[in-house]
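Shown next: run_7.cif, given as mmCIF, C-alpha atoms.
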```
data_upload
#
loop_
_atom_site.label_atom_id
_atom_site.label_comp_id
_atom_site.auth_asym_id
_atom_site.auth_seq_id
_atom_site.Cartn_x
_atom_site.Cartn_y
_atom_site.Cartn_z
CA MET V 1 -24.64 -170.34 29.95
CA ILE V 2 -24.03 -173.80 31.39
CA ARG V 3 -26.98 -176.14 31.74
CA LEU V 4 -27.63 -178.46 34.66
CA TYR V 5 -29.75 -181.58 34.14
CA ASP V 6 -31.24 -182.16 37.53
CA PHE V 7 -34.11 -183.43 39.69
CA TRP V 8 -35.36 -181.28 42.59
CA GLU V 9 -35.44 -184.08 45.15
CA SER V 10 -31.92 -185.25 44.35
CA GLY V 11 -29.24 -184.52 46.93
CA ASN V 12 -26.64 -185.17 44.25
CA GLY V 13 -28.25 -182.48 42.09
CA TYR V 14 -28.54 -180.18 45.11
CA LYS V 15 -24.77 -180.37 45.68
CA VAL V 16 -24.24 -178.71 42.29
CA ARG V 17 -27.03 -176.14 42.81
CA LEU V 18 -25.53 -175.20 46.16
CA LEU V 19 -21.97 -174.75 44.90
CA LEU V 20 -23.01 -172.82 41.76
CA SER V 21 -25.13 -170.54 43.96
CA GLN V 22 -22.25 -169.95 46.35
CA LEU V 23 -19.99 -169.19 43.39
CA SER V 24 -22.67 -166.79 42.05
CA MET V 25 -22.45 -168.64 38.73
CA PRO V 26 -25.60 -168.41 36.56
CA PHE V 27 -26.97 -171.65 35.10
CA GLU V 28 -29.92 -173.04 33.21
CA ARG V 29 -31.67 -175.92 34.88
CA VAL V 30 -33.58 -178.75 33.22
CA GLU V 31 -35.80 -180.86 35.47
CA LEU V 32 -35.94 -184.56 34.63
CA ASP V 33 -38.43 -186.67 36.51
CA ILE V 34 -36.40 -189.75 37.40
CA LEU V 35 -39.51 -191.39 38.85
CA GLN V 36 -41.02 -191.27 35.36
CA GLY V 37 -37.88 -192.75 33.81
CA GLU V 38 -36.82 -189.57 32.04
CA THR V 39 -33.12 -190.28 32.65
CA HIS V 40 -33.59 -193.64 30.91
CA SER V 41 -35.00 -192.13 27.72
CA ASP V 42 -33.04 -192.52 24.49
CA ARG V 43 -32.66 -188.79 24.35
CA PHE V 44 -30.98 -188.46 27.73
CA HIS V 45 -28.94 -191.60 27.11
CA GLN V 46 -27.23 -189.69 24.28
CA LYS V 47 -26.13 -187.11 26.81
CA ASN V 48 -25.11 -189.42 29.64
CA PRO V 49 -24.75 -193.13 28.84
CA ASN V 50 -24.82 -193.82 32.60
CA GLN V 51 -28.37 -192.35 32.62
CA ARG V 52 -27.98 -190.33 35.78
CA ILE V 53 -28.39 -186.75 36.90
CA PRO V 54 -26.76 -184.40 37.71
CA LEU V 55 -25.11 -183.71 34.39
CA VAL V 56 -23.61 -180.38 33.35
CA GLU V 57 -23.51 -179.35 29.70
CA TRP V 58 -21.59 -176.45 28.19
CA PRO V 59 -22.68 -174.42 25.13
CA ASP V 60 -19.81 -176.01 23.15
CA GLY V 61 -21.24 -179.48 23.83
CA ARG V 62 -18.85 -180.65 26.56
CA ARG V 63 -20.56 -182.59 29.33
CA LEU V 64 -19.54 -183.67 32.82
CA ALA V 65 -21.32 -186.24 35.01
CA GLU V 66 -20.90 -187.41 38.62
CA SER V 67 -21.89 -184.85 41.26
CA ASN V 68 -18.57 -184.89 43.09
CA ALA V 69 -16.50 -184.56 39.89
CA ILE V 70 -18.68 -181.57 38.98
CA LEU V 71 -18.06 -180.02 42.41
CA PHE V 72 -14.33 -180.55 41.98
CA TYR V 73 -14.33 -178.96 38.53
CA PHE V 74 -16.08 -175.76 39.58
CA ALA V 75 -14.21 -175.46 42.88
CA GLN V 76 -10.74 -175.55 41.33
CA GLY V 77 -9.22 -172.12 41.81
CA ALA V 78 -12.13 -171.03 44.01
CA ASP V 79 -12.48 -170.77 47.78
CA TYR V 80 -14.14 -174.14 48.23
CA LEU V 81 -11.17 -176.40 47.47
CA ALA V 82 -7.68 -176.19 48.92
CA ASP V 83 -4.80 -175.74 46.49
CA ASP V 84 -2.26 -178.02 48.11
CA PRO V 85 -2.01 -181.71 47.15
CA TRP V 86 -2.51 -183.09 50.67
CA HIS V 87 -5.71 -181.21 51.41
CA ARG V 88 -7.04 -181.94 47.92
CA ALA V 89 -6.50 -185.64 48.56
CA GLN V 90 -8.28 -185.40 51.90
CA THR V 91 -11.17 -183.61 50.22
CA LEU V 92 -11.44 -186.44 47.72
CA GLN V 93 -11.16 -189.04 50.49
CA TRP V 94 -14.31 -187.65 52.07
CA MET V 95 -16.07 -187.34 48.72
CA PHE V 96 -15.35 -190.96 47.82
CA PHE V 97 -16.46 -191.94 51.33
CA GLU V 98 -19.70 -190.08 50.62
CA GLN V 99 -20.40 -191.90 47.36
CA TYR V 100 -19.40 -195.38 48.56
CA SER V 101 -20.15 -195.53 52.29
CA HIS V 102 -22.87 -192.91 52.83
CA GLU V 103 -25.06 -192.21 49.78
CA PRO V 104 -25.93 -195.85 48.96
CA PHE V 105 -27.51 -196.18 52.42
CA ILE V 106 -28.70 -192.78 53.61
CA ALA V 107 -29.82 -191.45 50.22
CA VAL V 108 -31.26 -194.77 49.08
CA MET V 109 -33.45 -195.15 52.19
CA ARG V 110 -34.86 -191.67 51.54
CA PHE V 111 -35.38 -192.48 47.86
CA TRP V 112 -37.22 -195.70 48.64
CA LYS V 113 -39.51 -193.78 50.99
CA PHE V 114 -40.51 -190.96 48.67
CA SER V 115 -40.73 -193.18 45.59
CA GLY V 116 -42.94 -195.73 47.36
CA GLN V 117 -40.38 -198.54 47.02
CA LEU V 118 -39.75 -199.14 50.70
CA GLU V 119 -42.00 -202.18 51.06
CA ALA V 120 -40.57 -203.86 47.96
CA ASN V 121 -37.10 -203.49 49.47
CA ARG V 122 -38.01 -204.43 53.03
CA PRO V 123 -35.48 -207.32 53.30
CA LEU V 124 -32.64 -204.88 52.62
CA VAL V 125 -33.68 -202.16 55.06
CA ALA V 126 -31.85 -203.45 58.16
CA GLU V 127 -28.50 -203.50 56.37
CA LYS V 128 -29.10 -200.09 54.78
CA MET V 129 -29.84 -198.63 58.22
CA GLU V 130 -26.84 -200.29 59.85
CA ARG V 131 -24.41 -199.12 57.20
CA GLY V 132 -25.96 -195.64 57.15
CA TYR V 133 -25.51 -195.32 60.90
CA HIS V 134 -21.93 -196.55 60.51
CA ALA V 135 -21.27 -193.69 58.06
CA LEU V 136 -22.82 -191.20 60.50
CA THR V 137 -20.61 -192.58 63.28
CA VAL V 138 -17.49 -192.04 61.15
CA MET V 139 -18.59 -188.46 60.47
CA GLU V 140 -19.42 -187.80 64.14
CA LYS V 141 -15.98 -188.98 65.25
CA HIS V 142 -14.25 -186.68 62.77
CA LEU V 143 -16.44 -183.65 63.53
CA LYS V 144 -15.81 -183.93 67.27
CA ASN V 145 -12.39 -182.45 66.59
CA SER V 146 -12.96 -180.39 63.45
CA ASP V 147 -15.41 -177.68 62.47
CA PHE V 148 -15.40 -178.89 58.87
CA PHE V 149 -14.15 -181.99 57.06
CA VAL V 150 -10.88 -180.70 55.64
CA ALA V 151 -8.37 -178.17 56.96
CA GLY V 152 -10.87 -176.61 59.37
CA ARG V 153 -12.73 -174.73 56.65
CA TYR V 154 -15.86 -175.12 54.56
CA SER V 155 -15.19 -176.93 51.28
CA ILE V 156 -16.80 -179.16 48.67
CA ALA V 157 -16.25 -182.08 51.05
CA ASP V 158 -18.80 -180.45 53.35
CA ILE V 159 -21.17 -179.77 50.46
CA ALA V 160 -20.95 -183.40 49.33
CA LEU V 161 -21.70 -184.75 52.80
CA TYR V 162 -24.30 -182.12 53.72
CA ALA V 163 -26.54 -182.94 50.76
CA TYR V 164 -27.97 -186.19 52.09
CA THR V 165 -27.04 -185.87 55.77
CA HIS V 166 -29.29 -182.86 56.34
CA VAL V 167 -32.29 -184.79 55.00
CA ALA V 168 -31.34 -188.14 56.57
CA ALA V 169 -34.49 -188.02 58.72
CA GLN V 170 -36.51 -188.38 55.52
CA GLY V 171 -34.97 -191.85 55.26
CA ASP V 172 -35.78 -192.59 58.92
CA PHE V 173 -32.30 -191.89 60.30
CA ASP V 174 -32.41 -190.30 63.75
CA LEU V 175 -29.65 -187.72 64.18
CA THR V 176 -30.42 -187.06 67.86
CA GLY V 177 -27.38 -188.99 69.04
CA PHE V 178 -24.96 -187.11 66.79
CA PRO V 179 -24.32 -183.70 68.39
CA ALA V 180 -21.17 -182.94 66.39
CA ILE V 181 -23.02 -183.61 63.12
CA ASN V 182 -25.89 -181.36 64.18
CA ALA V 183 -23.52 -178.52 65.06
CA TRP V 184 -21.75 -178.94 61.71
CA LEU V 185 -25.09 -178.90 59.82
CA GLU V 186 -25.75 -175.52 61.45
CA ARG V 187 -22.33 -174.22 60.44
CA VAL V 188 -22.92 -175.29 56.84
CA ARG V 189 -26.35 -173.61 56.81
CA HIS V 190 -24.76 -170.34 57.88
CA GLN V 191 -22.23 -170.15 55.06
CA PRO V 192 -22.63 -167.12 52.76
CA ARG V 193 -25.05 -167.60 49.85
CA HIS V 194 -26.34 -170.93 51.21
CA VAL V 195 -29.47 -172.19 49.44
CA LYS V 196 -31.84 -174.92 50.57
CA ILE V 197 -32.59 -178.11 48.66
CA GLU V 198 -36.09 -176.81 47.91
CA ASP V 199 -34.99 -173.33 46.78
CA GLU V 200 -35.76 -172.69 43.14
CA VAL V 201 -32.35 -171.64 41.89
CA GLY V 202 -31.16 -171.49 38.28
CA VAL V 203 -33.05 -170.44 35.16
CA SER V 204 -35.67 -172.98 34.13
CA ALA V 205 -34.97 -174.36 30.68
CA ALA V 206 -37.35 -176.40 28.54
CA TRP V 207 -36.78 -180.05 27.78
CA PRO V 208 -39.67 -181.30 25.67
CA ALA V 209 -41.58 -184.28 26.97
CA MET V 210 -39.80 -187.59 26.61
CA VAL V 211 -40.92 -190.17 24.13
CA MET O 1 8.86 -195.21 53.91
CA ILE O 2 5.10 -195.09 53.39
CA ARG O 3 3.05 -198.05 54.53
CA LEU O 4 0.11 -199.54 52.67
CA TYR O 5 -2.53 -201.49 54.61
CA ASP O 6 -3.83 -203.90 52.05
CA PHE O 7 -5.36 -207.28 51.19
CA TRP O 8 -3.96 -209.27 48.25
CA GLU O 9 -7.33 -210.12 46.71
CA SER O 10 -8.58 -206.55 46.84
CA GLY O 11 -8.82 -204.71 43.53
CA ASN O 12 -8.99 -201.46 45.49
CA GLY O 13 -5.67 -202.34 47.13
CA TYR O 14 -4.24 -203.43 43.78
CA LYS O 15 -4.93 -199.99 42.30
CA VAL O 16 -2.50 -198.48 44.81
CA ARG O 17 0.10 -201.26 44.35
CA LEU O 18 -0.04 -200.76 40.59
CA LEU O 19 0.38 -196.99 40.68
CA LEU O 20 3.17 -197.05 43.28
CA SER O 21 4.98 -199.67 41.19
CA GLN O 22 4.63 -197.57 38.06
CA LEU O 23 5.92 -194.55 39.96
CA SER O 24 8.84 -196.71 41.24
CA MET O 25 7.94 -195.57 44.75
CA PRO O 26 9.03 -197.96 47.53
CA PHE O 27 6.46 -198.91 50.15
CA GLU O 28 5.93 -201.25 53.07
CA ARG O 29 2.89 -203.45 52.81
CA VAL O 30 0.81 -204.84 55.66
CA GLU O 31 -1.59 -207.64 54.80
CA LEU O 32 -4.91 -207.61 56.67
CA ASP O 33 -7.21 -210.57 56.20
CA ILE O 34 -10.57 -208.94 55.71
CA LEU O 35 -12.24 -212.36 55.68
CA GLN O 36 -11.05 -212.81 59.28
CA GLY O 37 -12.36 -209.39 60.26
CA GLU O 38 -8.94 -207.80 60.70
CA THR O 39 -10.14 -204.45 59.34
CA HIS O 40 -12.85 -204.45 62.02
CA SER O 41 -10.41 -204.88 64.91
CA ASP O 42 -10.12 -202.07 67.48
CA ARG O 43 -6.54 -201.61 66.44
CA PHE O 44 -7.30 -200.95 62.78
CA HIS O 45 -10.34 -198.88 63.69
CA GLN O 46 -7.92 -196.40 65.31
CA LYS O 47 -6.21 -196.03 61.94
CA ASN O 48 -9.29 -195.90 59.73
CA PRO O 49 -12.67 -195.38 61.41
CA ASN O 50 -14.32 -196.54 58.18
CA GLN O 51 -12.59 -199.92 58.70
CA ARG O 52 -11.52 -200.41 55.10
CA ILE O 53 -8.36 -201.07 53.18
CA PRO O 54 -6.47 -199.70 51.31
CA LEU O 55 -5.09 -197.17 53.73
CA VAL O 56 -1.76 -195.37 53.33
CA GLU O 57 0.19 -194.22 56.39
CA TRP O 58 3.20 -191.88 56.43
CA PRO O 59 6.05 -192.02 58.98
CA ASP O 60 4.78 -188.74 60.49
CA GLY O 61 1.42 -190.37 61.22
CA ARG O 62 -0.66 -188.88 58.42
CA ARG O 63 -3.11 -191.33 56.86
CA LEU O 64 -5.17 -191.37 53.69
CA ALA O 65 -8.05 -193.75 52.87
CA GLU O 66 -10.18 -194.40 49.77
CA SER O 67 -8.33 -196.04 46.88
CA ASN O 68 -9.19 -193.38 44.31
CA ALA O 69 -8.21 -190.49 46.61
CA ILE O 70 -4.89 -192.27 47.18
CA LEU O 71 -4.38 -192.63 43.42
CA PHE O 72 -5.12 -188.93 42.95
CA TYR O 73 -2.69 -187.94 45.68
CA PHE O 74 0.26 -189.85 44.27
CA ALA O 75 -0.52 -188.98 40.66
CA GLN O 76 -0.52 -185.22 41.18
CA GLY O 77 2.47 -183.84 39.35
CA ALA O 78 3.24 -187.23 37.79
CA ASP O 79 2.49 -188.64 34.35
CA TYR O 80 -0.69 -190.42 35.34
CA LEU O 81 -2.94 -187.40 35.89
CA ALA O 82 -3.47 -184.46 33.55
CA ASP O 83 -2.66 -181.01 34.89
CA ASP O 84 -5.54 -179.07 33.37
CA PRO O 85 -8.84 -178.62 35.23
CA TRP O 86 -11.04 -180.12 32.52
CA HIS O 87 -9.14 -183.38 32.17
CA ARG O 88 -8.77 -183.66 35.94
CA ALA O 89 -12.54 -183.39 36.26
CA GLN O 90 -13.04 -186.05 33.59
CA THR O 91 -10.59 -188.31 35.40
CA LEU O 92 -12.61 -187.90 38.58
CA GLN O 93 -15.87 -188.46 36.70
CA TRP O 94 -14.65 -191.92 35.70
CA MET O 95 -13.28 -192.64 39.16
CA PHE O 96 -16.59 -191.75 40.82
CA PHE O 97 -18.36 -193.83 38.17
CA GLU O 98 -16.08 -196.71 39.17
CA GLN O 99 -16.88 -196.48 42.87
CA TYR O 100 -20.62 -195.92 42.49
CA SER O 101 -21.70 -197.70 39.31
CA HIS O 102 -19.07 -200.42 38.80
CA GLU O 103 -17.36 -201.64 41.99
CA PRO O 104 -20.57 -202.30 44.01
CA PHE O 105 -21.64 -204.80 41.34
CA ILE O 106 -18.58 -206.22 39.61
CA ALA O 107 -16.31 -206.31 42.65
CA VAL O 108 -19.03 -207.41 45.02
CA MET O 109 -20.02 -210.40 42.86
CA ARG O 110 -16.36 -211.52 42.84
CA PHE O 111 -16.11 -210.98 46.60
CA TRP O 112 -19.24 -213.02 47.29
CA LYS O 113 -17.81 -215.84 45.20
CA PHE O 114 -14.37 -216.10 46.80
CA SER O 115 -15.64 -215.47 50.31
CA GLY O 116 -18.34 -218.13 50.02
CA GLN O 117 -21.19 -215.63 50.45
CA LEU O 118 -22.84 -216.10 47.07
CA GLU O 119 -25.63 -218.40 48.22
CA ALA O 120 -26.53 -216.18 51.16
CA ASN O 121 -26.91 -213.28 48.72
CA ARG O 122 -28.69 -215.18 45.95
CA PRO O 123 -31.79 -212.87 45.88
CA LEU O 124 -29.54 -209.92 45.03
CA VAL O 125 -27.48 -211.57 42.29
CA ALA O 126 -29.74 -210.73 39.32
CA GLU O 127 -29.63 -207.00 40.08
CA LYS O 128 -25.87 -207.06 40.72
CA MET O 129 -25.32 -208.72 37.34
CA GLU O 130 -27.65 -206.34 35.51
CA ARG O 131 -26.05 -203.24 36.96
CA GLY O 132 -22.55 -204.65 36.43
CA TYR O 133 -23.28 -205.28 32.75
CA HIS O 134 -24.71 -201.77 32.50
CA ALA O 135 -21.38 -200.40 33.76
CA LEU O 136 -19.50 -202.53 31.24
CA THR O 137 -21.77 -201.22 28.47
CA VAL O 138 -21.00 -197.62 29.44
CA MET O 139 -17.27 -198.42 29.34
CA GLU O 140 -17.54 -200.25 25.99
CA LYS O 141 -19.31 -197.29 24.40
CA HIS O 142 -16.60 -194.89 25.56
CA LEU O 143 -13.69 -197.15 24.58
CA LYS O 144 -15.02 -197.61 21.05
CA ASN O 145 -13.75 -194.11 20.33
CA SER O 146 -10.88 -193.73 22.79
CA ASP O 147 -7.78 -195.75 23.59
CA PHE O 148 -7.98 -194.74 27.25
CA PHE O 149 -10.59 -193.08 29.46
CA VAL O 150 -9.27 -189.52 29.51
CA ALA O 151 -7.45 -187.44 26.90
CA GLY O 152 -6.36 -190.51 24.93
CA ARG O 153 -3.65 -191.47 27.40
CA TYR O 154 -3.16 -193.88 30.26
CA SER O 155 -4.08 -192.34 33.62
CA ILE O 156 -5.36 -193.17 37.08
CA ALA O 157 -8.86 -193.37 35.56
CA ASP O 158 -7.65 -196.46 33.67
CA ILE O 159 -6.00 -197.89 36.78
CA ALA O 160 -9.20 -197.42 38.79
CA LEU O 161 -11.35 -199.16 36.17
CA TYR O 162 -8.83 -201.85 35.28
CA ALA O 163 -8.60 -203.17 38.84
CA TYR O 164 -11.94 -204.96 38.92
CA THR O 165 -12.71 -205.12 35.20
CA HIS O 166 -9.76 -207.40 34.41
CA VAL O 167 -10.95 -209.92 37.01
CA ALA O 168 -14.68 -209.51 36.26
CA ALA O 169 -14.85 -213.14 35.09
CA GLN O 170 -14.13 -214.18 38.69
CA GLY O 171 -17.53 -212.68 39.49
CA ASP O 172 -19.15 -214.51 36.55
CA PHE O 173 -19.19 -211.56 34.16
CA ASP O 174 -18.58 -212.62 30.55
CA LEU O 175 -16.47 -210.05 28.69
CA THR O 176 -16.74 -211.84 25.33
CA GLY O 177 -19.20 -209.29 23.96
CA PHE O 178 -17.05 -206.29 24.85
CA PRO O 179 -14.27 -206.07 22.24
CA ALA O 180 -13.31 -202.48 23.02
CA ILE O 181 -12.91 -203.32 26.70
CA ASN O 182 -10.74 -206.33 25.86
CA ALA O 183 -8.49 -204.25 23.60
CA TRP O 184 -8.18 -201.63 26.35
CA LEU O 185 -7.30 -204.28 28.95
CA GLU O 186 -4.43 -205.32 26.69
CA ARG O 187 -3.25 -201.73 26.32
CA VAL O 188 -3.25 -201.30 30.09
CA ARG O 189 -1.30 -204.55 30.57
CA HIS O 190 1.38 -203.27 28.23
CA GLN O 191 2.10 -200.04 30.09
CA PRO O 192 5.64 -199.71 31.46
CA ARG O 193 6.21 -201.22 34.92
CA HIS O 194 2.78 -202.89 34.96
CA VAL O 195 2.36 -205.42 37.77
CA LYS O 196 -0.34 -208.05 38.16
CA ILE O 197 -2.82 -208.28 41.02
CA GLU O 198 -1.03 -211.39 42.28
CA ASP O 199 2.50 -209.96 42.03
CA GLU O 200 4.16 -209.65 45.41
CA VAL O 201 5.18 -206.02 45.35
CA GLY O 202 6.18 -203.85 48.30
CA VAL O 203 8.20 -204.75 51.38
CA SER O 204 6.27 -207.02 53.76
CA ALA O 205 5.82 -205.38 57.14
CA ALA O 206 4.65 -207.10 60.31
CA TRP O 207 1.31 -206.40 61.91
CA PRO O 208 0.96 -208.61 64.97
CA ALA O 209 -2.08 -210.84 65.13
CA MET O 210 -5.30 -209.02 65.88
CA VAL O 211 -7.08 -209.49 69.16
#
```
Go ahead and express the file in the form of structure tokens.
Amino acid sequence: MIRLYDFWESGNGYKVRLLLSQLSMPFERVELDILQGETHSDRFHQKNPNQRIPLVEWPDGRRLAESNAILFYFAQGADYLADDPWHRAQTLQWMFFEQYSHEPFIAVMRFWKFSGQLEANRPLVAEKMERGYHALTVMEKHLKNSDFFVAGRYSIADIALYAYTHVAAQGDFDLTGFPAINAWLERVRHQPRHVKIEDEVGVSAAWPAMV
Amino acid sequence: MIRLYDFWESGNGYKVRLLLSQLSMPFERVELDILQGETHSDRFHQKNPNQRIPLVEWPDGRRLAESNAILFYFAQGADYLADDPWHRAQTLQWMFFEQYSHEPFIAVMRFWKFSGQLEANRPLVAEKMERGYHALTVMEKHLKNSDFFVAGRYSIADIALYAYTHVAAQGDFDLTGFPAINAWLERVRHQPRHVKIEDEVGVSAAWPAMV
């Protein structure tokens, strides 16, 4: 069985949990507490030199990092990624947008709040908020004319963008002025086999305490 | 002919110039001066709501943003991207690593220097340098055992990482302690039809002054 190294609060980890659940693919799940530095341990460093979750590991020892690359891998040949080159490129456009223009603002604000680092980062908050709202504005404009991000159907582009958008309020973003985003969030929630970020999916696997 | 909206100093733009040159694919090129805010003009906003170059436009009006999504699009079916799902996923892993864990530090330091914004951002420099060196360390470790990033052959993963790594010194990063990276930079430079970041490739196309 594949193993997912993960952290419950992580939207990047949730992307993988959501897709694997929708694909009905069983997986073991190892919780690493990033707030306690478990991804920076020597032991995890051996598995992912970039010291980040999510990370997927196969029984034969292969490993794959980067949430959106993991989504792409499992979606190939499945219903959540178009087959044709143009739509694949558009899917990746939105996924790179998510990692460069969305996550570093919307996810980071939420992370600072729940990890108690907001005050220490106070001088950076105004720019994080401004750039986060810019990302939401780009999404709103697109969703005014499209039910989903690519080709009018639910795909891994939606999963990638849903992960942190649906909890943006936890980073103090107000979605009231974004009706198209709110309608899209509802459409994503109603996809078959949808799971929530707090749902305990996967088979818990042990990972002895870090040293 | 396709049209590339670009900025000469941009490593993200250079990625596209390099791949199109290696594919011997003709293209028009429109220079936008991002330092003068040309990507934030109303006119460019119509083309890319995220207000960033590079952007590729086709004669039929289709457009594609995000440098690494553009690389993926043009490399499909060509020699610069593996066909099998596992190597494709590894290629994307390194490209997402580039946009999330490399570019925001190594490219941004260089940008602050040439745009005269280094002093204004002085409080952030130490973290940018630390995280940039972390990215270089991850690359060095991988390249100690591999000539290229994926499957032992030159691909768009190398193009994506070469773009800002080869000019990292312009952002004050010292590559002296990274022998595997330096050897890889040389291998990339010696690929057929390689062009430099400063090479004037593409057919210049007019884009009347912004208002």
Requested in this report: List the neighbours of V:Gly132 out to 6 Å using only C-alpha atoms; skip same-chain residues closer than 4 positions along the sequence, and give me the result as a PyMOL selection string.
Outcome: chain V and resi 102+105-106+128
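Checking O:Gln46, O:Gln93, O:Ser115, O:Asn12 one by one against chain V, counting all atoms listed in the file, you find the shortest gap at O:Gln93.
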Contact table chain V vs chain O, cut-off 9 Å, shortest pair per residue, all atoms listed in the file, as a Markdown table:
```
| residue | atom | partner | partner_atom | distance |
| --- | --- | --- | --- | --- |
| V:Pro49 | CA | O:Val138 | CA | 5.9 |
| V:Asn50 | CA | O:Val138 | CA | 6.2 |
| V:Leu64 | CA | O:Gln90 | CA | 7.0 |
| V:Ala65 | CA | O:Gln93 | CA | 6.1 |
| V:Glu66 | CA | O:Gln93 | CA | 5.5 |
| V:Ser67 | CA | O:Gln93 | CA | 8.4 |
| V:Asn68 | CA | O:Phe96 | CA | 7.5 |
| V:Ala69 | CA | O:Gln93 | CA | 5.1 |
| V:Ile70 | CA | O:Ala89 | CA | 7.0 |
| V:Leu71 | CA | O:Ala89 | CA | 8.9 |
| V:Phe72 | CA | O:Ala89 | CA | 6.6 |
| V:Tyr73 | CA | O:Ala89 | CA | 5.3 |
| V:Phe74 | CA | O:Pro85 | CA | 8.9 |
| V:Gln76 | CA | O:Pro85 | CA | 7.1 |
| V:Pro85 | CA | O:Tyr73 | CA | 6.4 |
| V:Trp86 | CA | O:Tyr73 | CA | 7.0 |
| V:Arg88 | CA | O:Tyr73 | CA | 7.7 |
| V:Ala89 | CA | O:Tyr73 | CA | 5.3 |
| V:Gln90 | CA | O:Leu64 | CA | 7.0 |
| V:Thr91 | CA | O:Ala69 | CA | 8.3 |
| V:Leu92 | CA | O:Ala69 | CA | 5.3 |
| V:Gln93 | CA | O:Ala69 | CA | 5.1 |
| V:Trp94 | CA | O:Glu66 | CA | 8.2 |
| V:Met95 | CA | O:Ala69 | CA | 8.7 |
| V:Phe96 | CA | O:Glu66 | CA | 6.5 |
| V:Phe97 | CA | O:Glu66 | CA | 6.9 |
| V:Gln99 | CA | O:Tyr100 | CA | 6.3 |
| V:Tyr100 | CA | O:Tyr100 | CA | 6.2 |
| V:Ser101 | CA | O:Asn50 | CA | 8.3 |
| V:Pro104 | CA | O:Tyr100 | CA | 8.4 |
| V:His134 | CA | O:Asn50 | CA | 8.0 |
| V:Ala135 | CA | O:Asn50 | CA | 7.5 |
| V:Thr137 | CA | O:Pro49 | CA | 8.6 |
| V:Val138 | CA | O:Pro49 | CA | 5.9 |
| V:Lys141 | CA | O:Pro49 | CA | 8.2 |
| V:His142 | CA | O:Pro49 | CA | 8.9 |
```
For those residues, write C-alpha atoms to a file as an mmCIF file, in the coordinates of the input.
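Dumped to result_39.cif:
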```
data_model
loop_
_atom_site.group_PDB
_atom_site.id
_atom_site.type_symbol
_atom_site.label_atom_id
_atom_site.label_comp_id
_atom_site.auth_asym_id
_atom_site.auth_seq_id
_atom_site.Cartn_x
_atom_site.Cartn_y
_atom_site.Cartn_z
ATOM 1 C CA PRO V 49 -24.750 -193.130 28.840
ATOM 2 C CA ASN V 50 -24.820 -193.820 32.600
ATOM 3 C CA LEU V 64 -19.540 -183.670 32.820
ATOM 4 C CA ALA V 65 -21.320 -186.240 35.010
ATOM 5 C CA GLU V 66 -20.900 -187.410 38.620
ATOM 6 C CA SER V 67 -21.890 -184.850 41.260
ATOM 7 C CA ASN V 68 -18.570 -184.890 43.090
ATOM 8 C CA ALA V 69 -16.500 -184.560 39.890
ATOM 9 C CA ILE V 70 -18.680 -181.570 38.980
ATOM 10 C CA LEU V 71 -18.060 -180.020 42.410
ATOM 11 C CA PHE V 72 -14.330 -180.550 41.980
ATOM 12 C CA TYR V 73 -14.330 -178.960 38.530
ATOM 13 C CA PHE V 74 -16.080 -175.760 39.580
ATOM 14 C CA GLN V 76 -10.740 -175.550 41.330
ATOM 15 C CA PRO V 85 -2.010 -181.710 47.150
ATOM 16 C CA TRP V 86 -2.510 -183.090 50.670
ATOM 17 C CA ARG V 88 -7.040 -181.940 47.920
ATOM 18 C CA ALA V 89 -6.500 -185.640 48.560
ATOM 19 C CA GLN V 90 -8.280 -185.400 51.900
ATOM 20 C CA THR V 91 -11.170 -183.610 50.220
ATOM 21 C CA LEU V 92 -11.440 -186.440 47.720
ATOM 22 C CA GLN V 93 -11.160 -189.040 50.490
ATOM 23 C CA TRP V 94 -14.310 -187.650 52.070
ATOM 24 C CA MET V 95 -16.070 -187.340 48.720
ATOM 25 C CA PHE V 96 -15.350 -190.960 47.820
ATOM 26 C CA PHE V 97 -16.460 -191.940 51.330
ATOM 27 C CA GLN V 99 -20.400 -191.900 47.360
ATOM 28 C CA TYR V 100 -19.400 -195.380 48.560
ATOM 29 C CA SER V 101 -20.150 -195.530 52.290
ATOM 30 C CA PRO V 104 -25.930 -195.850 48.960
ATOM 31 C CA HIS V 134 -21.930 -196.550 60.510
ATOM 32 C CA ALA V 135 -21.270 -193.690 58.060
ATOM 33 C CA THR V 137 -20.610 -192.580 63.280
ATOM 34 C CA VAL V 138 -17.490 -192.040 61.150
ATOM 35 C CA LYS V 141 -15.980 -188.980 65.250
ATOM 36 C CA HIS V 142 -14.250 -186.680 62.770
#
```
Report the residues retrieved by the PyMOL selection byres ((chain O and resi 198) around 12) from the displayed file, expressed as a short mmCIF file (atom, residue, chain, number, x, y, z; two decimals) with C-alpha atoms, keeping the file's coordinate frame.
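Result went into expr_10.cif, see below:
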```cif
data_model
loop_
_atom_site.label_atom_id
_atom_site.label_comp_id
_atom_site.auth_asym_id
_atom_site.auth_seq_id
_atom_site.Cartn_x
_atom_site.Cartn_y
_atom_site.Cartn_z
CA PHE O 7 -5.36 -207.28 51.19
CA TRP O 8 -3.96 -209.27 48.25
CA GLU O 9 -7.33 -210.12 46.71
CA SER O 10 -8.58 -206.55 46.84
CA GLY O 11 -8.82 -204.71 43.53
CA GLY O 13 -5.67 -202.34 47.13
CA TYR O 14 -4.24 -203.43 43.78
CA ARG O 17 0.10 -201.26 44.35
CA LEU O 18 -0.04 -200.76 40.59
CA ALA O 163 -8.60 -203.17 38.84
CA VAL O 167 -10.95 -209.92 37.01
CA HIS O 194 2.78 -202.89 34.96
CA VAL O 195 2.36 -205.42 37.77
CA LYS O 196 -0.34 -208.05 38.16
CA ILE O 197 -2.82 -208.28 41.02
CA ASP O 199 2.50 -209.96 42.03
CA GLU O 200 4.16 -209.65 45.41
CA VAL O 201 5.18 -206.02 45.35
#
```
